[in-house]
Amino acid sequence: MAEKKTNYLRGAALLAATVAITKVIGAIYKIPLYNLLGDEGTAHFQVTYTIYNLLLTLSTAGIPVALSRLIAAALATNRPLQVKRYFSVGLSAFVVIGGVCMAIMLLLPQQLADLMGDPDVAMGVRALAPAVLFACAISVYRGYAQGHANMMPTAISQIMEVSCKLVFGIAIAWLLSAAGHDKATISAGAIIGVTIGLALAVPILMFYKVRMDRKKSAPTGAPDVPMSRRATLAQIMKIGIPIMLGSSIMNIITLIDTKLVLLRLESGAGLLHDAAITLYGVYSKGLTMFALPSAFIVPVTVSVVPAISAALARRQGAEAREVMESSLKLTNLLAMPAAVGLSVLSAPVFQLLFPDSDPHGPSLLAVLAIASFFVCSQLITNAILQASGHERLALLSLPIGGVIKIAVNWFLVGTPTWNIMGAPVGTLACYVCITALNVLFILWKVPEPPNFLKISLRPAVCTACMGAAAWGVYGLAARFAGNLLHGRFGQLLILVGVIVLAVLIYAVLAILLRAVTREDMKLVPKGEKIAKILKIK
């Protein structure tokens, strides 16, 4: 039992680290790519990806979880033939589903593009079509490996995907740009990197499956009679479909929101189509930085779910509350300074990363940065609800937040004085609502809920001091050293210096005010070693 628990925790830590790595690589990929594409090309890229993400979620979300659960149970009861049946039925069924989604994207790319209000993305939709088919096959192989408690194939294939996206996507986009093609064509070329990455991940996962199968021992005990293929498929779908529906909520909302923003910029704010596309591209650039802080919260959510579930199973409510408070405190300690720092330094950050972009960029990023804190908060509160057995309440808050996002965007984006600035305000309102509802649900349903005010106060004080210092020091440095340090390199030196100083101020305050303890650090991979080095008590 202890060995299984250790394997699980190692696997969870590996997947958590992989998610963080892939998100960072993804940001590295998008920053130079968006500079190459410009505001217009960035909009085409983002719209194409929104269509792809919805079809991808509908066809693949829930497969790895469903198969991993069923295969793990079959292995535990010594039913290797049923494991084989799960894999073969799952692969056949979801390759068919992926083929249907691929056909939709290949045969109806212009209709999908027109539906989204950006007719120029049809080529990109067609370029991404095979990616859905590859992703369906990959999901089945990942579920098979995870059912065997082997997280390595998933981790390696994810890193392979994002690395190929980075290398091939930027290379193809650069070649098309050098050849003088238009922005829509360059955007479609950049997207091919996604398809290449997924295609190369398939043989890697096939190799791992063959290797795992060779290590299997001969079956023992009672005869293993597998269920019929129809019953097996029904069992997979019973688990997978609810997960798919839950995962699709935000993707559907994002799809509607993308269409709505473009529509309201033209019909409400009175902008021409090209101007609307350009502004949406600027907003998409801000979304790249907005998504980064949440990558570092995923490891905390992965660790907290089994810890809370185990404590509650033992009926140790006080221990569960301690884990909840530690996870929330760590989220505040990581997400608060990231959000405030990115917001107060939004102008130099955006101008450094995207120097040729529209002037709206820094203002959009300033609002999105604050929203990133609430994204992190909703992730950890969702994890607490799921670990406490209230996952349905976590799903309830998502569509409510999505409706608020759509409503705010409808009114603000369609107002000429707001136009694109309404989009980040809608995003902020959405995640504030989701977080607030999750907090209310926790206070209502969890027997011994965490003290939200107590665990937020000290990180908030540290963050406020850090934010004020970053804002003041950057202003002084830009004023007095700006004449000495010209160009982007000079901007980079000033910005890095200010960030390093802000991080030091924040770390010193966090330790002095005891905003973080050694117990809190246990939820972070290698956290106890870090606490020892920093002399955290």
# chains A, B, ... in the order shown; residues from 1 in each chain; ligands from 1
call {"tool": "residues_around", "arguments": {"residues": "Pro355 (chain A)", "least_positions_apart": "4", "cutoff": "9 Å", "atoms": "only C-alpha atoms", "output": "list in words"}}
result
Asn35, Phe350, Gln351 and Arg488 of chain A
call {"tool": "write_last_selection", "arguments": {"atoms": "C-alpha atoms", "output": "PDB file, in the first residue's frame"}}
result
ATOM      1  CA  ASN A  35       5.606  39.351 -32.905  1.00  0.00           C
ATOM      2  CA  PHE A 350       4.078  44.438 -22.901  1.00  0.00           C
ATOM      3  CA  GLN A 351       6.238  46.959 -24.741  1.00  0.00           C
ATOM      4  CA  ARG A 488      15.003  46.977 -25.834  1.00  0.00           C
TER       5      ARG A 488
END
call {"tool": "closest_atom_pairs", "arguments": {"of": "region 316-395 of chain A", "to": "region 455-478 of chain A", "cutoff": "7 Å", "atoms": "only C-alpha atoms", "output": "CSV"}}
result
residue,atom,partner,partner_atom,distance
A:Glu325,CA,A:Ile455,CA,6.7
A:Lys329,CA,A:Ile455,CA,5.5
A:Asn332,CA,A:Pro459,CA,6.2
A:Leu333,CA,A:Pro459,CA,5.5
A:Met336,CA,A:Thr463,CA,6.3
A:Pro337,CA,A:Thr463,CA,5.2
A:Val340,CA,A:Gly467,CA,6.0
A:Gly341,CA,A:Gly467,CA,5.7
A:Val344,CA,A:Trp471,CA,5.9
A:Leu345,CA,A:Trp471,CA,6.9
call {"tool": "residues_around", "arguments": {"residues": "region 402-413 of chain A", "least_positions_apart": "5", "cutoff": "8 Å", "atoms": "only C-alpha atoms", "output": "count of residues only"}}
result
22
call {"tool": "closest_residue", "arguments": {"among": "A:Ala383, A:Val432, A:Met227, A:Leu513", "to": "Leu81 (chain A)", "atoms": "only C-alpha atoms"}}
result
A:Met227
call {"tool": "residues_around", "arguments": {"residues": "region 361-375 of chain A", "least_positions_apart": "4", "cutoff": "6 Å", "atoms": "only C-alpha atoms", "output": "list in words"}}
result
Val282, Gly286, Phe290, Ala335, Met336, Ala339, Leu342, Ser343, Ser346, Ala347, Phe350, Pro424, Leu428, Tyr431 and Val432 of chain A
call {"tool": "write_last_selection", "arguments": {"atoms": "N, CA and C atoms", "output": "compact mmCIF listing (two decimals), in the first residue's frame"}}
result
# COMPACT_ATOMS: atom_id res chain seq x y z
N VAL A 282 -4.44 42.08 -30.28
CA VAL A 282 -3.75 42.68 -29.13
C VAL A 282 -4.23 42.02 -27.84
N GLY A 286 -2.20 39.70 -24.74
CA GLY A 286 -2.33 39.84 -23.28
C GLY A 286 -2.71 38.52 -22.62
N PHE A 290 -1.36 36.37 -19.27
CA PHE A 290 -2.42 36.12 -18.29
C PHE A 290 -2.46 34.66 -17.85
N ALA A 335 0.25 33.59 -6.38
CA ALA A 335 -0.58 34.27 -7.37
C ALA A 335 -0.72 35.76 -7.12
N MET A 336 -0.80 36.18 -5.86
CA MET A 336 -0.95 37.61 -5.57
C MET A 336 0.20 38.46 -6.10
N ALA A 339 0.26 38.53 -9.96
CA ALA A 339 -0.80 39.35 -10.54
C ALA A 339 -0.51 40.84 -10.38
N LEU A 342 2.70 41.92 -12.37
CA LEU A 342 2.44 42.00 -13.81
C LEU A 342 1.55 43.19 -14.14
N SER A 343 0.65 43.53 -13.22
CA SER A 343 -0.26 44.66 -13.47
C SER A 343 0.48 46.00 -13.39
N SER A 346 2.84 46.37 -16.29
CA SER A 346 2.24 45.94 -17.56
C SER A 346 2.78 46.70 -18.75
N ALA A 347 3.01 48.00 -18.59
CA ALA A 347 3.49 48.79 -19.73
C ALA A 347 4.88 48.35 -20.18
N PHE A 350 4.73 44.58 -21.60
CA PHE A 350 4.08 44.44 -22.90
C PHE A 350 4.91 45.09 -24.01
N PRO A 424 -11.15 42.29 -21.24
CA PRO A 424 -10.50 41.87 -19.99
C PRO A 424 -11.35 42.13 -18.75
N LEU A 428 -12.21 39.36 -16.00
CA LEU A 428 -12.05 39.60 -14.56
C LEU A 428 -13.34 39.31 -13.82
N TYR A 431 -14.04 35.40 -13.50
CA TYR A 431 -13.28 34.61 -12.53
C TYR A 431 -13.49 35.08 -11.10
N VAL A 432 -13.80 36.35 -10.91
CA VAL A 432 -14.18 36.82 -9.58
C VAL A 432 -15.46 36.12 -9.14
call {"tool": "closest_residue", "arguments": {"among": "A:Val300, A:Leu272, A:Val19, A:Val121", "to": "Met324 (chain A)", "atoms": "only C-alpha atoms"}}
result
A:Val300
call {"tool": "closest_atom_pairs", "arguments": {"of": "region 241-314 of chain A", "to": "region 21-33 of chain A", "cutoff": "9 Å", "atoms": "only C-alpha atoms", "output": "CSV"}}
result
residue,atom,partner,partner_atom,distance
A:Lys285,CA,A:Ile31,CA,7.8
A:Thr288,CA,A:Ala27,CA,6.2
A:Met289,CA,A:Ala27,CA,7.3
A:Ala291,CA,A:Lys23,CA,8.2
A:Leu292,CA,A:Lys23,CA,6.8
A:Ala295,CA,A:Lys23,CA,6.1
call {"tool": "atom_distance", "arguments": {"atom1": "CA of Ser267 (chain A)", "atom2": "CA of Val47 (chain A)"}}
result
18.5 Å
call {"tool": "select_by_dssp", "arguments": {"residues": "region 436-511 of chain A", "states": "alpha helix (DSSP H)", "output": "ChimeraX atom specification"}}
result
/A:436-445,452-480,487-511
call {"tool": "closest_atom_pairs", "arguments": {"of": "region 6-97 of chain A", "to": "region 145-164 of chain A", "cutoff": "6 Å", "atoms": "only C-alpha atoms", "output": "CSV"}}
result
residue,atom,partner,partner_atom,distance
A:Gly11,CA,A:Met151,CA,5.4
A:Thr18,CA,A:Ala155,CA,5.7
A:Ser68,CA,A:Gly147,CA,3.6
A:Ile71,CA,A:Gly147,CA,5.0
A:Ala72,CA,A:Gly147,CA,4.6
call {"tool": "atom_distance", "arguments": {"atom1": "CA of Leu437 (chain A)", "atom2": "CA of Phe296 (chain A)"}}
result
22.8 Å
call {"tool": "atom_distance", "arguments": {"atom1": "CA of Ile138 (chain A)", "atom2": "CA of Leu205 (chain A)"}}
result
7.2 Å
call {"tool": "closest_residue", "arguments": {"among": "A:Thr50, A:Val496, A:Pro64, A:Gly389", "to": "Ile241 (chain A)", "atoms": "only C-alpha atoms"}}
result
A:Pro64
call {"tool": "residues_around", "arguments": {"residues": "region 187-193 of chain A", "least_positions_apart": "4", "cutoff": "7 Å", "atoms": "only C-alpha atoms", "output": "list in words"}}
result
Leu37, Gly41, His44, Phe45, Met123, Gly124, Ala127, Leu128, Cys164, Lys165, Phe168, Gly169, Ile170, Ile172, Ala173, Lys183 and Gly197 of chain A
call {"tool": "write_last_selection", "arguments": {"atoms": "C-alpha atoms", "output": "compact mmCIF listing (two decimals), in the first residue's frame"}}
result
# COMPACT_ATOMS: atom_id res chain seq x y z
CA LEU A 37 2.32 37.48 -36.94
CA GLY A 41 -2.15 37.42 -37.58
CA HIS A 44 -6.37 34.69 -36.81
CA PHE A 45 -4.22 32.29 -34.78
CA MET A 123 -6.86 27.69 -43.98
CA GLY A 124 -5.76 27.38 -40.35
CA ALA A 127 -4.28 22.71 -41.14
CA LEU A 128 -5.37 21.71 -37.61
CA CYS A 164 7.50 20.56 -31.81
CA LYS A 165 4.93 23.31 -31.74
CA PHE A 168 8.25 23.70 -36.32
CA GLY A 169 5.55 26.32 -35.79
CA ILE A 170 7.94 29.26 -35.61
CA ILE A 172 7.25 27.44 -40.82
CA ALA A 173 5.80 30.85 -39.92
CA LYS A 183 -0.99 37.07 -42.25
CA GLY A 197 3.91 17.61 -32.56
